[in-house]
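**Q** Input structure: final.cif, which contains mmCIF, C-alpha atoms.
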data_model
#
loop_
_atom_site.label_atom_id
_atom_site.label_comp_id
_atom_site.auth_asym_id
_atom_site.auth_seq_id
_atom_site.Cartn_x
_atom_site.Cartn_y
_atom_site.Cartn_z
CA MET R 1174 -22.56 -21.15 29.96
CA ARG R 1175 -19.07 -20.24 31.05
CA ALA R 1176 -17.68 -23.37 29.43
CA LEU R 1177 -19.41 -22.46 26.19
CA PHE R 1178 -17.95 -18.99 26.34
CA LEU R 1179 -14.46 -20.39 26.89
CA ALA R 1180 -14.89 -22.82 24.01
CA LEU R 1181 -15.95 -19.96 21.73
CA LEU R 1182 -12.99 -17.93 22.89
CA LEU R 1183 -10.61 -20.79 22.07
CA LEU R 1184 -12.21 -21.16 18.65
CA ALA R 1185 -11.68 -17.49 17.96
CA ALA R 1186 -8.05 -17.51 19.07
CA PRO R 1187 -6.37 -18.85 15.88
CA LEU R 1188 -8.41 -16.40 13.81
CA ALA R 1189 -7.16 -13.43 15.79
CA GLY R 1190 -3.69 -13.67 14.23
CA ALA R 1191 -3.24 -9.95 14.64
CA GLU R 1192 -0.31 -7.99 13.31
CA PRO R 1193 2.35 -7.47 15.99
CA VAL R 1194 2.38 -4.05 17.58
CA ALA R 1195 5.27 -1.94 16.32
CA PRO R 1196 7.79 -0.49 18.80
CA PRO R 1197 7.62 3.30 19.18
CA ASP R 1198 9.36 5.55 16.64
CA THR R 1199 12.88 6.80 17.24
CA PRO R 1200 13.10 10.46 16.20
CA LEU R 1201 16.20 11.66 14.36
CA ALA R 1202 18.92 13.09 16.58
CA ASP R 1203 19.21 16.15 14.32
CA GLY R 1204 16.31 18.43 15.31
CA THR R 1205 15.95 20.29 12.01
CA ALA R 1206 16.05 17.06 9.98
CA GLU R 1207 13.42 15.56 12.30
CA ALA R 1208 11.21 18.63 11.85
CA ARG R 1209 11.50 18.36 8.07
CA ALA R 1210 10.73 14.64 8.21
CA VAL R 1211 7.69 15.16 10.45
CA ALA R 1212 6.38 17.97 8.21
CA LEU R 1213 6.50 15.56 5.24
CA MET R 1214 4.84 12.78 7.28
CA HIS R 1215 1.82 15.05 7.76
CA GLU R 1216 1.47 15.28 3.97
CA LEU R 1217 1.75 11.59 3.11
CA ARG R 1218 -1.32 9.38 3.21
CA CYS R 1219 -1.41 6.14 5.16
CA LEU R 1220 -2.03 3.21 2.80
CA THR R 1221 -3.94 0.89 5.10
CA CYS R 1222 -5.97 3.39 7.11
CA GLN R 1223 -6.51 5.95 4.32
CA ASN R 1224 -7.44 9.59 4.77
CA GLN R 1225 -5.14 9.68 7.78
CA SER R 1226 -1.59 10.94 7.38
CA ILE R 1227 1.26 8.59 8.26
CA ALA R 1228 2.13 11.02 11.06
CA ASP R 1229 -1.28 10.48 12.67
CA SER R 1230 -1.63 6.76 12.07
CA ASN R 1231 -0.49 3.98 14.38
CA ALA R 1232 -0.76 1.33 11.64
CA PRO R 1233 2.49 -0.69 11.32
CA GLN R 1234 2.69 0.11 7.61
CA ALA R 1235 2.47 3.84 8.36
CA GLN R 1236 5.35 3.36 10.76
CA ALA R 1237 7.37 1.63 8.04
CA MET R 1238 6.75 4.66 5.83
CA ARG R 1239 7.80 7.02 8.65
CA THR R 1240 10.99 5.01 9.10
CA GLU R 1241 11.78 5.30 5.40
CA VAL R 1242 11.05 9.06 5.42
CA ARG R 1243 13.44 9.52 8.40
CA GLN R 1244 16.14 7.35 6.80
CA ARG R 1245 16.04 9.28 3.55
CA ILE R 1246 15.89 12.73 5.17
CA ALA R 1247 18.79 11.73 7.44
CA ALA R 1248 20.73 10.63 4.33
CA GLY R 1249 20.36 14.17 2.98
CA GLU R 1250 17.48 13.70 0.52
CA SER R 1251 15.12 16.67 0.20
CA PRO R 1252 11.49 16.28 1.37
CA ALA R 1253 10.40 16.96 -2.23
CA ALA R 1254 12.52 14.05 -3.48
CA VAL R 1255 11.13 11.71 -0.81
CA ARG R 1256 7.57 12.75 -1.67
CA ALA R 1257 8.31 12.16 -5.36
CA LEU R 1258 9.57 8.68 -4.52
CA PHE R 1259 6.33 7.72 -2.77
CA VAL R 1260 4.28 9.25 -5.61
CA GLU R 1261 6.32 7.15 -8.06
CA ARG R 1262 5.34 3.99 -6.14
CA TYR R 1263 1.73 4.74 -5.25
CA GLY R 1264 0.60 7.60 -7.49
CA ASP R 1265 -0.60 11.12 -6.60
CA TRP R 1266 -3.04 9.50 -4.20
CA VAL R 1267 -0.32 9.04 -1.54
CA SER R 1268 0.36 12.77 -1.22
CA PHE R 1269 -2.10 15.17 0.38
CA VAL R 1270 -0.67 18.02 -1.71
CA PRO R 1271 -2.04 17.78 -5.25
CA PRO R 1272 0.57 18.28 -8.00
CA ALA R 1273 0.34 21.35 -10.27
CA ARG R 1274 -0.26 19.94 -13.75
CA ALA R 1275 -2.51 20.68 -16.72
CA GLU R 1276 -5.25 18.29 -15.49
CA THR R 1277 -5.21 19.75 -11.95
CA MET R 1278 -5.33 23.39 -13.11
CA LEU R 1279 -9.05 23.75 -12.33
CA LEU R 1280 -8.42 22.50 -8.78
CA TRP R 1281 -5.69 25.06 -8.15
CA ALA R 1282 -7.61 27.87 -9.88
CA ALA R 1283 -10.89 27.08 -8.07
CA PRO R 1284 -10.32 29.40 -5.04
CA LEU R 1285 -9.46 32.31 -7.34
CA LEU R 1286 -12.43 31.62 -9.65
CA LEU R 1287 -14.83 31.37 -6.71
CA LEU R 1288 -13.46 34.59 -5.21
CA LEU R 1289 -13.90 36.31 -8.57
CA ALA R 1290 -17.50 35.07 -8.87
CA GLY R 1291 -18.25 36.20 -5.32
CA GLY R 1292 -16.69 39.59 -5.99
CA LEU R 1293 -18.77 40.06 -9.13
CA LEU R 1294 -21.99 39.19 -7.28
CA LEU R 1295 -21.07 41.57 -4.46
CA ALA R 1296 -20.20 44.37 -6.90
CA ARG R 1297 -23.55 44.00 -8.64
CA ARG R 1298 -25.43 44.13 -5.36
CA ILE R 1299 -23.56 47.21 -4.12
CA ARG R 1300 -24.13 49.07 -7.37
CA ARG R 1301 -27.87 48.52 -7.11
CA MET E 537 -33.39 34.84 -15.19
CA LYS E 538 -33.90 36.02 -11.62
CA ARG E 539 -35.93 32.93 -10.85
CA LEU E 540 -33.14 30.69 -12.19
CA LEU E 541 -30.66 32.28 -9.77
CA TRP E 542 -32.93 31.26 -6.91
CA VAL E 543 -33.38 27.69 -8.13
CA LEU E 544 -29.71 27.13 -8.99
CA PRO E 545 -28.48 26.52 -5.40
CA LEU E 546 -31.34 24.07 -4.90
CA ILE E 547 -30.33 22.16 -8.03
CA LEU E 548 -26.70 22.12 -6.92
CA PHE E 549 -27.74 20.86 -3.49
CA ALA E 550 -29.87 18.11 -5.03
CA GLY E 551 -26.91 17.12 -7.21
CA LEU E 552 -24.67 16.91 -4.13
CA ILE E 553 -27.20 14.72 -2.32
CA ALA E 554 -27.42 12.45 -5.39
CA LEU E 555 -23.61 12.19 -5.47
CA PHE E 556 -23.43 11.23 -1.79
CA ALA E 557 -26.31 8.75 -2.05
CA GLY E 558 -24.72 7.13 -5.08
CA ASN E 559 -21.48 6.54 -3.18
CA LEU E 560 -23.11 5.11 -0.04
CA GLY E 561 -22.95 1.51 -1.17
CA ARG E 562 -19.34 1.63 -2.30
CA PRO E 563 -16.59 0.05 -0.17
CA PRO E 564 -14.84 2.74 1.89
CA GLN E 565 -11.34 1.52 1.10
CA ALA E 566 -10.00 2.39 -2.31
CA VAL E 567 -7.64 -0.20 -3.76
CA VAL E 568 -4.14 1.21 -3.96
CA VAL E 569 -2.57 -0.17 -7.11
CA SER E 570 1.21 -0.19 -7.38
CA ARG E 571 2.68 2.24 -9.90
CA MET E 572 5.85 0.13 -10.08
CA ILE E 573 4.54 -2.12 -12.86
CA GLY E 574 6.89 -1.86 -15.84
CA LYS E 575 9.68 -0.57 -13.59
CA PRO E 576 12.65 -2.49 -12.20
CA VAL E 577 12.49 -3.94 -8.69
CA PRO E 578 14.21 -1.38 -6.42
CA ASP E 579 17.43 -2.47 -4.73
CA PHE E 580 16.99 -4.44 -1.54
CA ALA E 581 18.75 -7.27 0.29
CA LEU E 582 16.99 -9.29 2.97
CA ALA E 583 18.37 -12.01 5.25
CA GLY E 584 16.85 -15.49 5.01
CA THR E 585 14.16 -16.89 7.27
CA GLY E 586 11.95 -19.99 7.48
CA GLY E 587 14.86 -22.28 6.57
CA ARG E 588 15.40 -20.63 3.18
CA PRO E 589 18.21 -18.39 1.91
CA GLY E 590 17.60 -14.64 1.83
CA LEU E 591 16.24 -12.61 -1.06
CA SER E 592 17.80 -9.63 -2.80
CA SER E 593 16.95 -7.65 -5.93
CA ALA E 594 19.88 -9.40 -7.67
CA ASP E 595 18.09 -12.77 -7.17
CA LEU E 596 15.26 -11.40 -9.29
CA ARG E 597 17.46 -10.74 -12.35
CA THR E 598 18.33 -14.30 -13.29
CA GLY E 599 16.92 -14.35 -16.81
CA GLN E 600 13.93 -16.38 -15.66
CA PRO E 601 10.51 -15.00 -14.66
CA GLN E 602 9.67 -15.45 -10.99
CA LEU E 603 6.89 -14.79 -8.52
CA VAL E 604 7.43 -12.75 -5.37
CA ASN E 605 4.81 -13.34 -2.69
CA ILE E 606 4.59 -10.82 0.13
CA PHE E 607 3.16 -12.58 3.16
CA ALA E 608 3.20 -12.73 6.96
CA SER E 609 2.46 -15.41 9.55
CA TRP E 610 -0.04 -13.05 11.22
CA CYS E 611 -1.98 -12.58 7.99
CA LEU E 612 -5.06 -14.77 7.61
CA PRO E 613 -5.56 -14.42 3.81
CA CYS E 614 -1.93 -15.57 3.46
CA ALA E 615 -2.96 -18.93 4.94
CA VAL E 616 -5.94 -19.01 2.54
CA GLU E 617 -3.70 -18.63 -0.53
CA ALA E 618 -1.05 -21.16 0.63
CA PRO E 619 -2.55 -24.15 -1.30
CA GLN E 620 -2.58 -22.06 -4.51
CA LEU E 621 1.12 -21.16 -4.05
CA GLU E 622 1.88 -24.85 -3.49
CA ALA E 623 -0.01 -25.75 -6.66
CA MET E 624 1.90 -23.16 -8.70
CA ALA E 625 5.24 -24.33 -7.29
CA ARG E 626 4.34 -27.92 -8.25
CA ARG E 627 3.67 -26.71 -11.77
CA GLY E 628 7.18 -25.32 -11.98
CA ALA E 629 6.75 -21.69 -10.95
CA ALA E 630 9.74 -20.18 -9.16
CA ILE E 631 8.27 -18.50 -6.06
CA HIS E 632 10.09 -16.34 -3.52
CA GLY E 633 8.63 -14.98 -0.33
CA ILE E 634 9.00 -11.73 1.58
CA ALA E 635 7.91 -12.20 5.21
CA VAL E 636 6.73 -8.84 6.54
CA ARG E 637 7.13 -7.77 10.19
CA ASP E 638 7.57 -11.34 11.34
CA GLN E 639 9.58 -13.39 13.83
CA PRO E 640 11.66 -16.38 12.60
CA ALA E 641 9.82 -18.80 14.92
CA ASP E 642 6.42 -17.54 13.69
CA VAL E 643 7.46 -17.87 10.03
CA ALA E 644 8.71 -21.43 10.67
CA ALA E 645 5.44 -22.38 12.40
CA PHE E 646 3.38 -20.84 9.59
CA LEU E 647 5.33 -22.72 6.90
CA ALA E 648 5.17 -25.99 8.87
CA ARG E 649 1.39 -25.64 9.02
CA HIS E 650 0.62 -24.28 5.55
CA GLY E 651 3.52 -25.57 3.45
CA ASN E 652 6.66 -23.94 2.10
CA PRO E 653 6.54 -23.35 -1.67
CA PHE E 654 9.31 -20.75 -1.52
CA GLN E 655 12.83 -21.06 -2.94
CA ARG E 656 14.00 -18.01 -1.04
CA ILE E 657 12.40 -16.05 1.80
CA GLY E 658 13.55 -12.58 2.75
CA ALA E 659 12.81 -11.34 6.28
CA ASP E 660 11.41 -7.82 5.87
CA GLY E 661 11.41 -7.00 9.58
CA GLY E 662 10.74 -3.29 9.21
CA GLY E 663 8.36 -3.68 6.28
CA LEU E 664 10.48 -1.32 4.14
CA ALA E 665 11.24 -3.73 1.28
CA MET E 666 7.55 -4.20 0.50
CA LEU E 667 7.16 -0.41 0.16
CA GLY E 668 9.68 -0.55 -2.69
CA PHE E 669 7.28 -2.75 -4.68
CA GLY E 670 4.49 -0.23 -4.20
CA ALA E 671 2.71 -2.79 -2.00
CA SER E 672 -0.04 -1.55 0.26
CA GLY E 673 -0.68 -4.68 2.30
CA VAL E 674 -0.33 -8.43 2.64
CA PRO E 675 -0.73 -10.67 0.80
CA GLU E 676 0.38 -9.37 -2.56
CA THR E 677 2.06 -11.30 -5.36
CA TYR E 678 4.27 -9.87 -8.10
CA VAL E 679 5.31 -11.31 -11.45
CA ILE E 680 8.94 -10.33 -12.11
CA ASP E 681 10.49 -10.95 -15.51
CA GLY E 682 14.02 -12.24 -16.13
CA ASN E 683 15.45 -8.71 -16.19
CA GLY E 684 14.00 -7.85 -12.80
CA ILE E 685 11.14 -5.72 -14.19
CA ILE E 686 7.84 -5.87 -12.27
CA ARG E 687 5.25 -7.10 -14.78
CA HIS E 688 2.11 -7.71 -12.72
CA GLN E 689 0.69 -7.15 -9.27
CA HIS E 690 -1.90 -9.43 -7.70
CA LEU E 691 -3.63 -7.72 -4.76
CA GLY E 692 -4.99 -9.85 -1.94
CA GLU E 693 -5.10 -13.60 -1.62
CA ILE E 694 -4.68 -15.87 -4.65
CA ARG E 695 -7.81 -17.97 -5.02
CA ALA E 696 -8.01 -21.11 -7.17
CA GLU E 697 -9.57 -19.14 -10.05
CA HIS E 698 -6.56 -16.77 -10.15
CA VAL E 699 -3.97 -19.50 -10.67
CA PRO E 700 -4.30 -19.93 -14.48
CA ASP E 701 -4.05 -16.17 -15.00
CA LEU E 702 -0.94 -15.85 -12.82
CA LEU E 703 0.75 -18.82 -14.51
CA ALA E 704 -0.06 -17.32 -17.91
CA ARG E 705 1.41 -13.96 -16.86
CA LEU E 706 4.51 -15.74 -15.59
CA GLU E 707 4.85 -17.51 -18.92
CA ALA E 708 4.30 -14.22 -20.78
CA ALA E 709 7.14 -12.63 -18.77
CA ARG E 710 9.60 -15.19 -20.14
#
Written as C-alpha cells, that's how I'd like the structure from this file.
**A**
Amino acid sequence: MRALFLALLLLAAPLAGAEPVAPPDTPLADGTAEARAVALMHELRCLTCQNQSIADSNAPQAQAMRTEVRQRIAAGESPAAVRALFVERYGDWVSFVPPARAETMLLWAAPLLLLLAGGLLLARRIRR
Amino acid sequence: MKRLLWVLPLILFAGLIALFAGNLGRPPQAVVVSRMIGKPVPDFALAGTGGRPGLSSADLRTGQPQLVNIFASWCLPCAVEAPQLEAMARRGAAIHGIAVRDQPADVAAFLARHGNPFQRIGADGGGLAMLGFGASGVPETYVIDGNGIIRHQHLGEIRAEHVPDLLARLEAAR
C-alpha cells in the first residue's frame, strides 16, 4: 500500500511543475510615494486570480504588476497615468474604478436615479 | 396599477434568479484579451538564457514578421505546445522566446527535454516584459510584423489545429 502511494507520488511529481514562489515585495523608501502606489494597487485587478486586487493577491503576476506600479510611481509618474497604462494594455476590465464615458453614464447616474425614485415613493407615501 | 406595483419586485427577483442560473455553467475565469494588438511592442531589453542571445524590442523591428512565445519551464501547457513550435520553426517561422520568472538551469533543462525552436530567448525574471504585451499568463504567442507592431495574440497552448492559422497570420504580417 505504502509502495503504491510512493509510486503515485513519484508519478505526480513531474506534473506539479509549480510556479516558483516570488520573494516578498520591497516597499519604496519614500513613504508618500509608497502610499500612492499602494492606493493604486488596491484599484487594479489581478489578471490571474481575478476579482482580487493586485494589492491583495499573492499571485506572482500580481507581484510583477505591483513592481511595475512602484517603479513608475518612483520615477515620478502620476497614479492616473499608471492606471491609464494598464487600461491601455488590458482594457477597462483591469481597473476597479469604471471610467466616466458616454456608455458608462447610466452606471454613474444609477445611485442618483435610485435615490430620486426612492424619494418620490417616500414623498407620495407621506402625502397620503 | 396598484397590483402591478406589488408584482413588480417579484418579477425583478425572478429575473435576477434567471440571470444567476444562466451564468452557473459558465467558466469562472474570463479570458483577458490583450489590447495591444495593432500597437507597437513596448520597449524592453532582456538578457539571453537557454543558450540563446537575448531579446529586445529592437530585435522585433527587422522588416520580417516573427513569433514571440511567452513560456516558462514551470508551465505545463508550454511543454504541450513545444512540438507545434518545433514544427513551425521547421517550416521557416522565426520564433523568439520570453522565459518568465525562470532560472537559467531550469530553462536549459526544459529546452533539452522539449526542444529549442527559438532564435532568441529573453529572460524575463521579474515578469515585467510580458505585461508590456498585455499578456495575462503563460503560454501566449504573439505575431509581430516587420515594423514591430503586434498583429495577433494566441492565448494558451498552441495545439496542432492552431498551426495553420498562426502560420497564415505570420504570412499575412509580411
**Q** Check which residues satisfy the PyMOL selection byres ((chain R and resi 1235-1250) around 8) in the file shown, then give them as a PDB file with C-alpha atoms, in the coordinates of the input.
**A**
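Done, and the output landed in expr08.pdb:
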ATOM      1  CA  ALA R1195       5.270  -1.940  16.320  1.00  0.00           C
ATOM      2  CA  ASP R1198       9.360   5.550  16.640  1.00  0.00           C
ATOM      3  CA  PRO R1200      13.100  10.460  16.200  1.00  0.00           C
ATOM      4  CA  LEU R1201      16.200  11.660  14.360  1.00  0.00           C
ATOM      5  CA  ALA R1206      16.050  17.060   9.980  1.00  0.00           C
ATOM      6  CA  GLU R1207      13.420  15.560  12.300  1.00  0.00           C
ATOM      7  CA  ARG R1209      11.500  18.360   8.070  1.00  0.00           C
ATOM      8  CA  ALA R1210      10.730  14.640   8.210  1.00  0.00           C
ATOM      9  CA  LEU R1213       6.500  15.560   5.240  1.00  0.00           C
ATOM     10  CA  MET R1214       4.840  12.780   7.280  1.00  0.00           C
ATOM     11  CA  CYS R1219      -1.410   6.140   5.160  1.00  0.00           C
ATOM     12  CA  LEU R1220      -2.030   3.210   2.800  1.00  0.00           C
ATOM     13  CA  THR R1221      -3.940   0.890   5.100  1.00  0.00           C
ATOM     14  CA  ILE R1227       1.260   8.590   8.260  1.00  0.00           C
ATOM     15  CA  ALA R1228       2.130  11.020  11.060  1.00  0.00           C
ATOM     16  CA  SER R1230      -1.630   6.760  12.070  1.00  0.00           C
ATOM     17  CA  ASN R1231      -0.490   3.980  14.380  1.00  0.00           C
ATOM     18  CA  ALA R1232      -0.760   1.330  11.640  1.00  0.00           C
ATOM     19  CA  PRO R1233       2.490  -0.690  11.320  1.00  0.00           C
ATOM     20  CA  GLN R1234       2.690   0.110   7.610  1.00  0.00           C
ATOM     21  CA  SER R1251      15.120  16.670   0.200  1.00  0.00           C
ATOM     22  CA  PRO R1252      11.490  16.280   1.370  1.00  0.00           C
ATOM     23  CA  ALA R1254      12.520  14.050  -3.480  1.00  0.00           C
ATOM     24  CA  VAL R1255      11.130  11.710  -0.810  1.00  0.00           C
TER      25      VAL R1255
ATOM     26  CA  GLY E 662      10.740  -3.290   9.210  1.00  0.00           C
ATOM     27  CA  GLY E 663       8.360  -3.680   6.280  1.00  0.00           C
ATOM     28  CA  LEU E 664      10.480  -1.320   4.140  1.00  0.00           C
ATOM     29  CA  LEU E 667       7.160  -0.410   0.160  1.00  0.00           C
TER      30      LEU E 667
END
**Q** Can you work out which residues from chain E touch chain R at a cut-off of 6 Å (counting only C-alpha atoms) and hand them back as a VMD selection string?
**A** chain E and resid 570 to 572 610 663 to 664 670 672
**Q** Using Å and a single decimal, report how far CA of Arg1256 in chain R sits from CA of Val567 in chain E.
**A**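 So the answer is 20.1 Å.
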**Q** Can you tell me, as a list in words, what residues are no more than 9 Å from Asp660 in chain E when counting only C-alpha atoms, ignoring any on the same chain fewer than 6 positions away?
**A**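 Result of the neighbour search: Leu582, Ala583, Ile634, Ala635, Val636, Arg637, Asp638 and Met666 of chain E.
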**Q** To one decimal place, how far is CA of Asp1203 in chain R from CA of Pro578 in chain E in Å?
**A**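 It comes out at 27.6 Å.
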**Q** Ranking E:Leu541, E:Val699, E:Ala594, E:Ala608 by minimum distance to His650 in chain E and counting only C-alpha atoms, which one comes first?
**A**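 Counting only C-alpha atoms, the residue closest to His650 in chain E is E:Ala608.
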**Q** Would you mind listing what lies within 9 Å of Asn683 in chain E as a PyMOL selection string, with all atoms listed in the file counted and same-chain residues fewer than 6 positions away left out?
**A** chain E and resi 576+596-601
**Q** Keeping only C-alpha atoms, take the residues you just selected and write them out as an mmCIF file, keeping the file's coordinate frame.
**A**
data_model
loop_
_atom_site.group_PDB
_atom_site.id
_atom_site.type_symbol
_atom_site.label_atom_id
_atom_site.label_comp_id
_atom_site.auth_asym_id
_atom_site.auth_seq_id
_atom_site.Cartn_x
_atom_site.Cartn_y
_atom_site.Cartn_z
ATOM 1 C CA PRO E 576 12.650 -2.490 -12.200
ATOM 2 C CA LEU E 596 15.260 -11.400 -9.290
ATOM 3 C CA ARG E 597 17.460 -10.740 -12.350
ATOM 4 C CA THR E 598 18.330 -14.300 -13.290
ATOM 5 C CA GLY E 599 16.920 -14.350 -16.810
ATOM 6 C CA GLN E 600 13.930 -16.380 -15.660
ATOM 7 C CA PRO E 601 10.510 -15.000 -14.660
#
**Q** Quick one: distance from CA of Ala557 in chain E to CA of Pro1271 in chain R in Å, one decimal?
**A** 26.1 Å
